[in-house]
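Just my_file.json here, JSON, C-alpha atoms:
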[["chain", "number", "residue", "atom", "x", "y", "z"],
["P", 1, "MET", "CA", 84.49, 126.03, 101.85],
["P", 2, "ASP", "CA", 83.28, 124.87, 98.43],
["P", 3, "LEU", "CA", 83.50, 121.07, 98.61],
["P", 4, "ASP", "CA", 83.18, 120.74, 94.83],
["P", 5, "ALA", "CA", 86.29, 122.91, 94.50],
["P", 6, "VAL", "CA", 88.08, 120.81, 97.14],
["P", 7, "ARG", "CA", 87.10, 117.60, 95.32],
["P", 8, "THR", "CA", 88.41, 119.08, 92.06],
["P", 9, "PHE", "CA", 91.67, 120.06, 93.75],
["P", 10, "VAL", "CA", 92.19, 116.50, 95.05],
["P", 11, "ALA", "CA", 91.45, 115.01, 91.62],
["P", 12, "ALA", "CA", 93.95, 117.36, 89.97],
["P", 13, "ALA", "CA", 96.56, 116.58, 92.64],
["P", 14, "ASP", "CA", 96.10, 112.83, 92.14],
["P", 15, "THR", "CA", 96.25, 112.94, 88.35],
["P", 16, "GLY", "CA", 98.76, 115.77, 87.94],
["P", 17, "GLN", "CA", 96.74, 116.98, 84.96],
["P", 18, "PHE", "CA", 93.79, 119.37, 84.87],
["P", 19, "GLN", "CA", 92.62, 117.61, 81.71],
["P", 20, "GLU", "CA", 92.62, 114.18, 83.37],
["P", 21, "ALA", "CA", 90.90, 115.60, 86.44],
["P", 22, "ALA", "CA", 88.24, 117.06, 84.16],
["P", 23, "ALA", "CA", 87.67, 113.66, 82.52],
["P", 24, "GLU", "CA", 87.47, 111.93, 85.92],
["P", 25, "LEU", "CA", 84.94, 114.46, 87.23],
["P", 26, "MET", "CA", 83.07, 114.70, 83.91],
["P", 27, "LEU", "CA", 83.75, 118.44, 83.67],
["P", 28, "THR", "CA", 85.37, 120.68, 81.11],
["P", 29, "GLN", "CA", 89.00, 121.62, 81.64],
["P", 30, "GLN", "CA", 87.84, 125.25, 81.87],
["P", 31, "ALA", "CA", 85.50, 124.34, 84.73],
["P", 32, "VAL", "CA", 88.34, 122.60, 86.58],
["P", 33, "SER", "CA", 90.60, 125.64, 86.18],
["P", 34, "LYS", "CA", 87.81, 127.94, 87.34],
["P", 35, "ARG", "CA", 87.09, 125.87, 90.46],
["P", 36, "ILE", "CA", 90.75, 125.69, 91.45],
["P", 37, "ALA", "CA", 91.24, 129.41, 90.78],
["P", 38, "GLY", "CA", 88.29, 130.13, 93.06],
["P", 39, "LEU", "CA", 89.71, 127.88, 95.77],
["P", 40, "GLU", "CA", 93.12, 129.54, 95.50],
["P", 41, "LYS", "CA", 91.46, 132.95, 95.80],
["P", 42, "SER", "CA", 89.50, 131.95, 98.91],
["P", 43, "LEU", "CA", 92.64, 130.51, 100.54],
["P", 44, "GLY", "CA", 94.91, 133.32, 99.42],
["P", 45, "VAL", "CA", 97.64, 130.99, 98.12],
["P", 46, "ARG", "CA", 98.67, 129.23, 94.91],
["P", 47, "LEU", "CA", 98.02, 125.50, 95.02],
["P", 48, "PHE", "CA", 99.50, 124.49, 91.66],
["P", 49, "THR", "CA", 102.34, 125.45, 89.39],
["P", 50, "ARG", "CA", 101.75, 124.83, 85.70],
["P", 51, "THR", "CA", 104.55, 122.82, 84.04],
["P", 52, "ALA", "CA", 105.13, 121.31, 80.61],
["P", 53, "ARG", "CA", 104.01, 117.96, 82.03],
["P", 54, "GLY", "CA", 100.88, 119.22, 83.73],
["P", 55, "ALA", "CA", 100.20, 120.71, 87.14],
["P", 56, "LYS", "CA", 102.56, 120.40, 90.10],
["P", 57, "LEU", "CA", 101.57, 121.06, 93.71],
["P", 58, "THR", "CA", 103.19, 124.05, 95.38],
["P", 59, "ILE", "CA", 104.37, 123.80, 98.99],
["P", 60, "ASP", "CA", 101.03, 125.27, 100.04],
["P", 61, "GLY", "CA", 99.23, 122.74, 97.87],
["P", 62, "GLN", "CA", 101.15, 119.89, 99.50],
["P", 63, "ALA", "CA", 100.24, 121.22, 102.94],
["P", 64, "PHE", "CA", 96.56, 121.55, 102.03],
["P", 65, "LEU", "CA", 96.17, 118.13, 100.35],
["P", 66, "PRO", "CA", 95.80, 115.89, 103.47],
["P", 67, "HIS", "CA", 93.29, 118.33, 104.96],
["P", 68, "ALA", "CA", 91.37, 118.40, 101.68],
["P", 69, "ARG", "CA", 91.13, 114.60, 101.73],
["P", 70, "ALA", "CA", 89.95, 114.72, 105.35],
["P", 71, "LEU", "CA", 87.30, 117.30, 104.42],
["P", 72, "LEU", "CA", 85.93, 115.01, 101.70],
["P", 73, "ARG", "CA", 85.92, 111.97, 104.01],
["P", 74, "THR", "CA", 84.09, 113.98, 106.66],
["P", 75, "ALA", "CA", 81.57, 115.23, 104.11],
["P", 76, "GLU", "CA", 80.91, 111.67, 102.89],
["P", 77, "ARG", "CA", 80.42, 110.39, 106.41],
["P", 78, "ALA", "CA", 78.14, 113.31, 107.23],
["P", 79, "ALA", "CA", 75.97, 112.51, 104.21],
["P", 80, "ALA", "CA", 76.01, 108.78, 104.97],
["P", 81, "SER", "CA", 74.93, 109.41, 108.55],
["P", 82, "VAL", "CA", 71.53, 110.73, 107.41],
["P", 83, "ARG", "CA", 70.84, 108.00, 104.87],
["P", 84, "PRO", "CA", 71.48, 104.77, 106.78],
["P", 85, "GLY", "CA", 70.92, 101.66, 104.74],
["P", 86, "SER", "CA", 70.19, 103.59, 101.57],
["P", 87, "ARG", "CA", 73.13, 102.03, 99.73],
["P", 88, "ALA", "CA", 74.67, 98.58, 99.40],
["P", 89, "LEU", "CA", 77.22, 97.48, 101.97],
["P", 90, "ARG", "CA", 80.56, 97.49, 100.16],
["P", 91, "VAL", "CA", 82.86, 94.71, 101.36],
["P", 92, "ASP", "CA", 86.33, 93.88, 100.06],
["P", 93, "VAL", "CA", 87.59, 90.30, 99.78],
["P", 94, "VAL", "CA", 91.08, 89.17, 98.71],
["P", 95, "GLY", "CA", 89.58, 86.98, 95.99],
["P", 96, "ARG", "CA", 86.27, 85.45, 95.01],
["P", 97, "ARG", "CA", 87.52, 81.91, 95.72],
["P", 98, "VAL", "CA", 88.99, 82.47, 99.16],
["P", 99, "ALA", "CA", 87.30, 81.38, 102.35],
["P", 100, "THR", "CA", 86.24, 84.88, 103.38],
["P", 101, "ALA", "CA", 84.21, 85.18, 100.20],
["P", 102, "GLY", "CA", 82.46, 82.03, 101.39],
["P", 103, "LEU", "CA", 81.77, 83.68, 104.75],
["P", 104, "LEU", "CA", 80.21, 86.58, 102.90],
["P", 105, "ARG", "CA", 78.06, 84.20, 100.84],
["P", 106, "ASP", "CA", 76.89, 82.56, 104.08],
["P", 107, "PHE", "CA", 75.93, 85.99, 105.38],
["P", 108, "HIS", "CA", 73.97, 86.70, 102.19],
["P", 109, "ARG", "CA", 72.09, 83.42, 102.50],
["P", 110, "ALA", "CA", 71.19, 84.28, 106.09],
["P", 111, "HIS", "CA", 70.22, 87.87, 105.20],
["P", 112, "PRO", "CA", 69.12, 87.91, 101.53],
["P", 113, "ASP", "CA", 67.47, 91.30, 102.02],
["P", 114, "VAL", "CA", 70.84, 93.00, 102.64],
["P", 115, "GLU", "CA", 72.27, 94.44, 99.43],
["P", 116, "LEU", "CA", 75.99, 93.72, 99.03],
["P", 117, "ASP", "CA", 78.62, 95.29, 96.80],
["P", 118, "VAL", "CA", 81.55, 92.85, 96.77],
["P", 119, "VAL", "CA", 84.86, 94.29, 95.55],
["P", 120, "THR", "CA", 88.49, 93.18, 95.40],
["P", 121, "VAL", "CA", 91.23, 95.65, 96.33],
["P", 122, "TYR", "CA", 94.76, 94.45, 95.61],
["P", 123, "GLY", "CA", 96.91, 94.44, 98.74],
["P", 124, "GLY", "CA", 96.14, 94.76, 102.42],
["P", 125, "ALA", "CA", 97.38, 98.32, 102.93],
["P", 126, "PRO", "CA", 95.30, 99.78, 100.05],
["P", 127, "ALA", "CA", 92.26, 97.82, 101.28],
["P", 128, "VAL", "CA", 92.56, 99.19, 104.82],
["P", 129, "ASP", "CA", 93.17, 102.68, 103.39],
["P", 130, "ALA", "CA", 89.93, 102.29, 101.44],
["P", 131, "VAL", "CA", 88.14, 101.54, 104.72],
["P", 132, "ARG", "CA", 89.80, 104.56, 106.31],
["P", 133, "ASP", "CA", 88.81, 106.76, 103.39],
["P", 134, "GLY", "CA", 85.23, 105.49, 103.43],
["P", 135, "THR", "CA", 85.26, 104.02, 99.91],
["P", 136, "VAL", "CA", 84.84, 100.50, 101.36],
["P", 137, "ASP", "CA", 82.76, 99.62, 104.44],
["P", 138, "ALA", "CA", 84.76, 96.58, 105.51],
["P", 139, "THR", "CA", 87.59, 94.34, 104.36],
["P", 140, "PHE", "CA", 88.71, 90.81, 105.20],
["P", 141, "ARG", "CA", 92.49, 90.95, 105.71],
["P", 142, "ALA", "CA", 95.32, 89.79, 107.93],
["P", 143, "LEU", "CA", 96.68, 92.20, 110.51],
["P", 144, "PRO", "CA", 99.62, 94.32, 109.28],
["P", 145, "PRO", "CA", 103.05, 92.74, 109.86],
["P", 146, "PRO", "CA", 105.66, 94.28, 112.18],
["P", 147, "GLY", "CA", 106.68, 97.81, 111.26],
["P", 148, "ARG", "CA", 103.19, 98.75, 110.10],
["P", 149, "ARG", "CA", 100.20, 99.94, 112.05],
["P", 150, "LEU", "CA", 96.52, 100.30, 111.36],
["P", 151, "PRO", "CA", 95.26, 103.83, 110.63],
["P", 152, "ASP", "CA", 93.46, 105.61, 113.46],
["P", 153, "GLY", "CA", 89.81, 104.68, 113.77],
["P", 154, "ILE", "CA", 90.13, 101.20, 112.21],
["P", 155, "ALA", "CA", 88.62, 98.39, 114.30],
["P", 156, "THR", "CA", 89.28, 94.67, 113.76],
["P", 157, "ALA", "CA", 87.85, 91.32, 114.80],
["P", 158, "PRO", "CA", 89.15, 87.80, 113.98],
["P", 159, "VAL", "CA", 86.70, 85.75, 111.92],
["P", 160, "LEU", "CA", 88.65, 82.70, 110.72],
["P", 161, "TYR", "CA", 92.00, 80.97, 111.20],
["P", 162, "GLU", "CA", 92.19, 78.82, 108.09],
["P", 163, "PRO", "CA", 94.40, 75.69, 107.97],
["P", 164, "LEU", "CA", 96.82, 75.39, 105.06],
["P", 165, "GLN", "CA", 97.32, 72.32, 102.88],
["P", 166, "LEU", "CA", 100.15, 71.16, 100.66],
["P", 167, "VAL", "CA", 99.02, 70.58, 97.05],
["P", 168, "THR", "CA", 101.15, 68.34, 94.82],
["P", 169, "GLY", "CA", 101.01, 66.33, 91.65],
["P", 170, "PRO", "CA", 100.78, 62.50, 91.74],
["P", 171, "ALA", "CA", 104.55, 62.04, 91.23],
["P", 172, "HIS", "CA", 105.61, 64.21, 94.16],
["P", 173, "GLU", "CA", 107.35, 62.47, 97.07],
["P", 174, "PHE", "CA", 104.57, 63.49, 99.48],
["P", 175, "ALA", "CA", 101.66, 62.72, 97.15],
["P", 176, "GLY", "CA", 100.62, 59.61, 99.10],
["P", 177, "ALA", "CA", 101.16, 61.02, 102.56],
["P", 178, "ARG", "CA", 98.21, 61.29, 104.96],
["P", 179, "SER", "CA", 99.81, 64.45, 106.37],
["P", 180, "VAL", "CA", 103.18, 66.21, 106.46],
["P", 181, "THR", "CA", 104.82, 68.53, 108.95],
["P", 182, "PRO", "CA", 106.12, 71.96, 107.93],
["P", 183, "ALA", "CA", 109.60, 70.81, 108.98],
["P", 184, "GLN", "CA", 109.45, 67.99, 106.40],
["P", 185, "LEU", "CA", 109.11, 70.63, 103.69],
["P", 186, "ALA", "CA", 112.41, 72.30, 104.57],
["P", 187, "GLY", "CA", 114.45, 72.69, 101.39],
["P", 188, "ARG", "CA", 111.51, 71.72, 99.16],
["P", 189, "ARG", "CA", 110.27, 74.11, 96.50],
["P", 190, "ILE", "CA", 106.88, 75.66, 97.18],
["P", 191, "TRP", "CA", 105.84, 77.67, 94.15],
["P", 192, "MET", "CA", 103.60, 80.69, 94.83],
["P", 193, "PRO", "CA", 103.90, 83.15, 91.90],
["P", 194, "GLY", "CA", 101.08, 85.28, 93.32],
["P", 195, "ASN", "CA", 103.26, 86.35, 96.27],
["P", 196, "ALA", "CA", 103.87, 90.00, 95.42],
["P", 197, "PRO", "CA", 106.10, 92.20, 97.60],
["P", 198, "GLY", "CA", 104.21, 94.32, 100.10],
["P", 199, "THR", "CA", 101.11, 92.14, 100.31],
["P", 200, "GLU", "CA", 99.93, 90.70, 103.60],
["P", 201, "TRP", "CA", 99.95, 87.13, 102.28],
["P", 202, "THR", "CA", 103.59, 87.48, 101.21],
["P", 203, "ALA", "CA", 104.48, 88.72, 104.71],
["P", 204, "TYR", "CA", 102.74, 85.64, 106.12],
["P", 205, "TYR", "CA", 104.55, 83.14, 103.87],
["P", 206, "ASP", "CA", 107.92, 84.87, 104.34],
["P", 207, "GLU", "CA", 107.54, 84.40, 108.10],
["P", 208, "MET", "CA", 106.49, 80.79, 107.60],
["P", 209, "ALA", "CA", 109.55, 80.17, 105.42],
["P", 210, "ALA", "CA", 111.81, 81.66, 108.08],
["P", 211, "GLU", "CA", 110.17, 79.60, 110.83],
["P", 212, "PHE", "CA", 110.29, 76.19, 109.14],
["P", 213, "GLY", "CA", 112.96, 76.53, 106.42],
["P", 214, "VAL", "CA", 110.39, 76.15, 103.64],
["P", 215, "GLY", "CA", 111.58, 77.39, 100.24],
["P", 216, "ILE", "CA", 108.92, 79.78, 98.92],
["P", 217, "ASP", "CA", 109.49, 80.47, 95.22],
["P", 218, "ALA", "CA", 107.59, 83.53, 94.01],
["P", 219, "VAL", "CA", 109.13, 83.67, 90.54],
["P", 220, "GLY", "CA", 106.43, 84.63, 88.05],
["P", 221, "PRO", "CA", 104.69, 85.50, 85.95],
["P", 222, "ASP", "CA", 101.42, 84.77, 87.72],
["P", 223, "PHE", "CA", 98.93, 83.40, 85.18],
["P", 224, "GLY", "CA", 96.33, 82.48, 87.79],
["P", 225, "ILE", "CA", 95.39, 79.41, 89.80],
["P", 226, "GLU", "CA", 94.57, 77.23, 86.77],
["P", 227, "SER", "CA", 98.04, 77.68, 85.28],
["P", 228, "LEU", "CA", 99.62, 77.07, 88.68],
["P", 229, "LEU", "CA", 97.77, 73.79, 89.12],
["P", 230, "ASP", "CA", 98.69, 72.69, 85.58],
["P", 231, "THR", "CA", 102.37, 73.06, 86.49],
["P", 232, "ILE", "CA", 101.99, 71.38, 89.87],
["P", 233, "ALA", "CA", 100.21, 68.40, 88.31],
["P", 234, "GLU", "CA", 103.13, 67.72, 85.97],
["P", 235, "SER", "CA", 105.94, 68.19, 88.49],
["P", 236, "ALA", "CA", 107.55, 65.66, 90.81],
["P", 237, "THR", "CA", 109.38, 68.31, 92.85],
["P", 238, "VAL", "CA", 107.16, 71.40, 93.04],
["P", 239, "GLY", "CA", 104.22, 71.88, 95.39],
["P", 240, "THR", "CA", 102.15, 74.83, 96.53],
["P", 241, "PHE", "CA", 100.13, 75.91, 99.53],
["P", 242, "LEU", "CA", 96.39, 76.42, 99.40],
["P", 243, "SER", "CA", 93.92, 77.07, 102.15],
["P", 244, "GLU", "CA", 91.77, 74.19, 103.33],
["P", 245, "ARG", "CA", 88.52, 75.96, 102.43],
["P", 246, "THR", "CA", 89.59, 77.20, 98.98],
["P", 247, "PRO", "CA", 87.16, 75.61, 96.48],
["P", 248, "LEU", "CA", 88.92, 74.22, 93.41],
["P", 249, "VAL", "CA", 87.93, 72.28, 90.32],
["P", 250, "TRP", "CA", 90.63, 70.72, 88.13],
["P", 251, "PRO", "CA", 90.76, 68.24, 85.21],
["P", 252, "VAL", "CA", 90.41, 64.66, 86.36],
["P", 253, "ASN", "CA", 93.70, 63.66, 84.70],
["P", 254, "HIS", "CA", 95.62, 66.08, 86.97],
["P", 255, "ASP", "CA", 95.15, 63.70, 89.93],
["P", 256, "LEU", "CA", 96.25, 66.42, 92.34],
["P", 257, "CYS", "CA", 96.71, 65.70, 96.04],
["P", 258, "ARG", "CA", 95.64, 67.98, 98.92],
["P", 259, "ILE", "CA", 97.71, 66.97, 101.94],
["P", 260, "PRO", "CA", 97.00, 68.35, 105.44],
["P", 261, "LEU", "CA", 99.84, 70.01, 107.33],
["P", 262, "ARG", "CA", 100.27, 68.83, 110.91],
["P", 263, "GLY", "CA", 102.61, 69.35, 113.84],
["P", 264, "PRO", "CA", 101.92, 72.26, 113.82],
["P", 265, "THR", "CA", 99.21, 73.23, 111.37],
["P", 266, "PRO", "CA", 99.90, 76.65, 109.82],
["P", 267, "VAL", "CA", 96.70, 78.68, 109.86],
["P", 268, "TYR", "CA", 96.11, 81.81, 107.82],
["P", 269, "PRO", "CA", 94.46, 84.62, 109.81],
["P", 270, "HIS", "CA", 91.38, 86.36, 108.41],
["P", 271, "LEU", "CA", 90.14, 89.44, 110.25],
["P", 272, "LEU", "CA", 87.36, 91.86, 109.48],
["P", 273, "HIS", "CA", 88.45, 95.53, 109.38],
["P", 274, "TRP", "CA", 85.98, 98.42, 109.54],
["P", 275, "HIS", "CA", 85.94, 102.07, 110.54],
["P", 276, "ALA", "CA", 84.66, 102.69, 114.04],
["P", 277, "ASP", "CA", 82.64, 105.69, 112.78],
["P", 278, "ASN", "CA", 80.78, 103.65, 110.15],
["P", 279, "THR", "CA", 77.06, 103.53, 111.04],
["P", 280, "HIS", "CA", 75.78, 101.44, 108.14],
["P", 281, "PRO", "CA", 73.20, 99.12, 109.75],
["P", 282, "ALA", "CA", 74.21, 96.18, 107.54],
["P", 283, "LEU", "CA", 77.79, 96.43, 108.84],
["P", 284, "ALA", "CA", 76.59, 95.82, 112.39],
["P", 285, "LEU", "CA", 74.52, 92.90, 111.07],
["P", 286, "LEU", "CA", 77.57, 91.42, 109.31],
["P", 287, "ARG", "CA", 79.72, 91.76, 112.42],
["P", 288, "ASP", "CA", 77.09, 90.04, 114.58],
["P", 289, "HIS", "CA", 76.73, 87.23, 112.02],
["P", 290, "LEU", "CA", 80.49, 86.61, 111.90],
["P", 291, "ALA", "CA", 80.81, 86.72, 115.68],
["P", 292, "ALA", "CA", 78.07, 84.10, 116.02],
["P", 293, "ALA", "CA", 79.68, 81.87, 113.37],
["P", 294, "ARG", "CA", 83.24, 82.23, 114.65],
["P", 295, "PRO", "CA", 83.18, 79.19, 117.01],
["P", 296, "ARG", "CA", 82.52, 76.96, 113.98],
["P", 297, "HIS", "CA", 85.61, 78.32, 112.23],
["P", 298, "ALA", "CA", 88.05, 78.24, 115.17],
["P", 299, "PRO", "CA", 90.78, 75.54, 115.02],
["P", 300, "ARG", "CA", 89.84, 72.49, 117.03],
["P", 301, "ASP", "CA", 93.33, 72.35, 118.56],
["P", 302, "THR", "CA", 94.74, 75.86, 118.86],
["P", 303, "ALA", "CA", 97.83, 74.52, 120.64],
["P", 304, "GLY", "CA", 98.72, 72.58, 117.50],
["P", 305, "THR", "CA", 98.57, 75.57, 115.14],
["P", 306, "TRP", "CA", 101.07, 78.16, 113.97],
["P", 307, "ALA", "CA", 100.64, 81.72, 112.74],
["P", 308, "PRO", "CA", 102.98, 84.73, 112.86],
["P", 309, "ALA", "CA", 102.99, 86.48, 116.22],
["P", 310, "TRP", "CA", 101.81, 89.73, 114.60],
["P", 311, "SER", "CA", 98.67, 87.98, 113.30],
["P", 312, "ARG", "CA", 97.59, 86.70, 116.72]]
Is it possible to express this structure as structure tokens?
Amino acid sequence: MDLDAVRTFVAAADTGQFQEAAAELMLTQQAVSKRIAGLEKSLGVRLFTRTARGAKLTIDGQAFLPHARALLRTAERAAASVRPGSRALRVDVVGRRVATAGLLRDFHRAHPDVELDVVTVYGGAPAVDAVRDGTVDATFRALPPPGRRLPDGIATAPVLYEPLQLVTGPAHEFAGARSVTPAQLAGRRIWMPGNAPGTEWTAYYDEMAAEFGVGIDAVGPDFGIESLLDTIAESATVGTFLSERTPLVWPVNHDLCRIPLRGPTPVYPHLLHWHADNTHPALALLRDHLAAARPRHAPRDTAGTWAPAWSR
């Protein structure tokens, strides 16, 4: 089967427009039509119906699409298997400031000869799908919450359980506390405008709110961490949660407070996800590095920590 024709078919199915598929593949629209016509002829079925809005998959096209994607993934893995180490290791992190990005920087310092391509995919499910599809080699994510499952072939390993902290302004009632318990925050407003529905971090904080009665306020818009901290600094009633290892720099006049959570300490789970068929030599090196470093990042008192059951 002509893989270029299959790739063209998938692009047209994703965009719904032969013209947009042509732009994505850097082809002419005529070339796209010719490739798809050839594929339809070889299969003996129509894959698209032309409409006023573009191109719509027929029933046969819908049936062929998942197999076409699988063909392309297989072809990419076949090519990658004969060029080990010839490309950068592509690793997804939730954000450049989160602790897992720091773990990746530690790996780079230990292995400066390994070329890294660091990307950020929004949302846990799309990130794991990218690993499944072979567009990303590995991703640092939490395990999927109840009702979801990892795609076949995806392997995981815990790398860090990161303690959370309460962050407040100087006028907040807990600003001077040496520590607070999650139960003490019941009924208090914890503002987290970055908590978008469907993300793994929202699932985590929703479970935490249910467990301890914490009021998580996700009302946006989300203008980023700097805007969030500006608001927190000026408020006597609003706090937020940040991870213990999240590096932050704020204006000195903010006088923000980072207060440890105790009894128990909520810890956010970070796990490395990769495809079991991935043979990139740098991936094995990264996994070995994280496994060796894991004892340093384990909570000192696991009995005094909390995380959702699905993340354990």
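Here atom CA of Val98 of chain P and atom CA of Arg262 of chain P stand 21.2 Å from one another.
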Pick out the closest residue to Ile232 of chain P from this set: P:Ala293, P:Val167, P:Leu185, P:Ala130. Count all atoms listed in the file. P:Val167
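Considering all atoms listed in the file, the residue among P:Thr15, P:Gln184, P:Thr74, P:Ser311 positioned nearest to Ala203 of chain P is P:Ser311.
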Contacts of segment 48-56 of chain P at 10 Å (all atoms listed in the file; same-chain gap of 2+ positions) as a PyMOL selection string: chain P and resi 9+12-13+15-20+36-37+40+45-46+58-62
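A straight line drawn from atom CA of Gly38 of chain P to atom CA of Asp2 of chain P is 9.0 Å long.
Nearest residue to Leu164 of chain P among P:Tyr205, P:Phe223, P:Trp310, P:Tyr122 is P:Tyr205, counting all atoms listed in the file.
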For Ala171 of chain P, list every protein, DNA or RNA residue within 12 Å, evaluated using all atoms listed in the file, and leave out those in the same chain fewer than 6 positions away; present the list as a CSV table (one decimal) with C-alpha atoms, in the frame of the given file.
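The resulting out.csv:
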chain,number,residue,atom,x,y,z
P,177,ALA,CA,101.2,61.0,102.6
P,232,ILE,CA,102.0,71.4,89.9
P,233,ALA,CA,100.2,68.4,88.3
P,234,GLU,CA,103.1,67.7,86.0
P,235,SER,CA,105.9,68.2,88.5
P,236,ALA,CA,107.6,65.7,90.8
P,237,THR,CA,109.4,68.3,92.8
P,238,VAL,CA,107.2,71.4,93.0
P,239,GLY,CA,104.2,71.9,95.4
P,254,HIS,CA,95.6,66.1,87.0
P,255,ASP,CA,95.2,63.7,89.9
P,256,LEU,CA,96.2,66.4,92.3
P,257,CYS,CA,96.7,65.7,96.0
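Picture a line from atom CA of Asp117 of chain P to atom CA of Asp92 of chain P; it runs 8.5 Å.
The closest residue to Pro170 of chain P, picked from P:Thr231, P:Thr100, P:Ser33, P:Ser243 and counting all atoms listed in the file, is P:Thr231.
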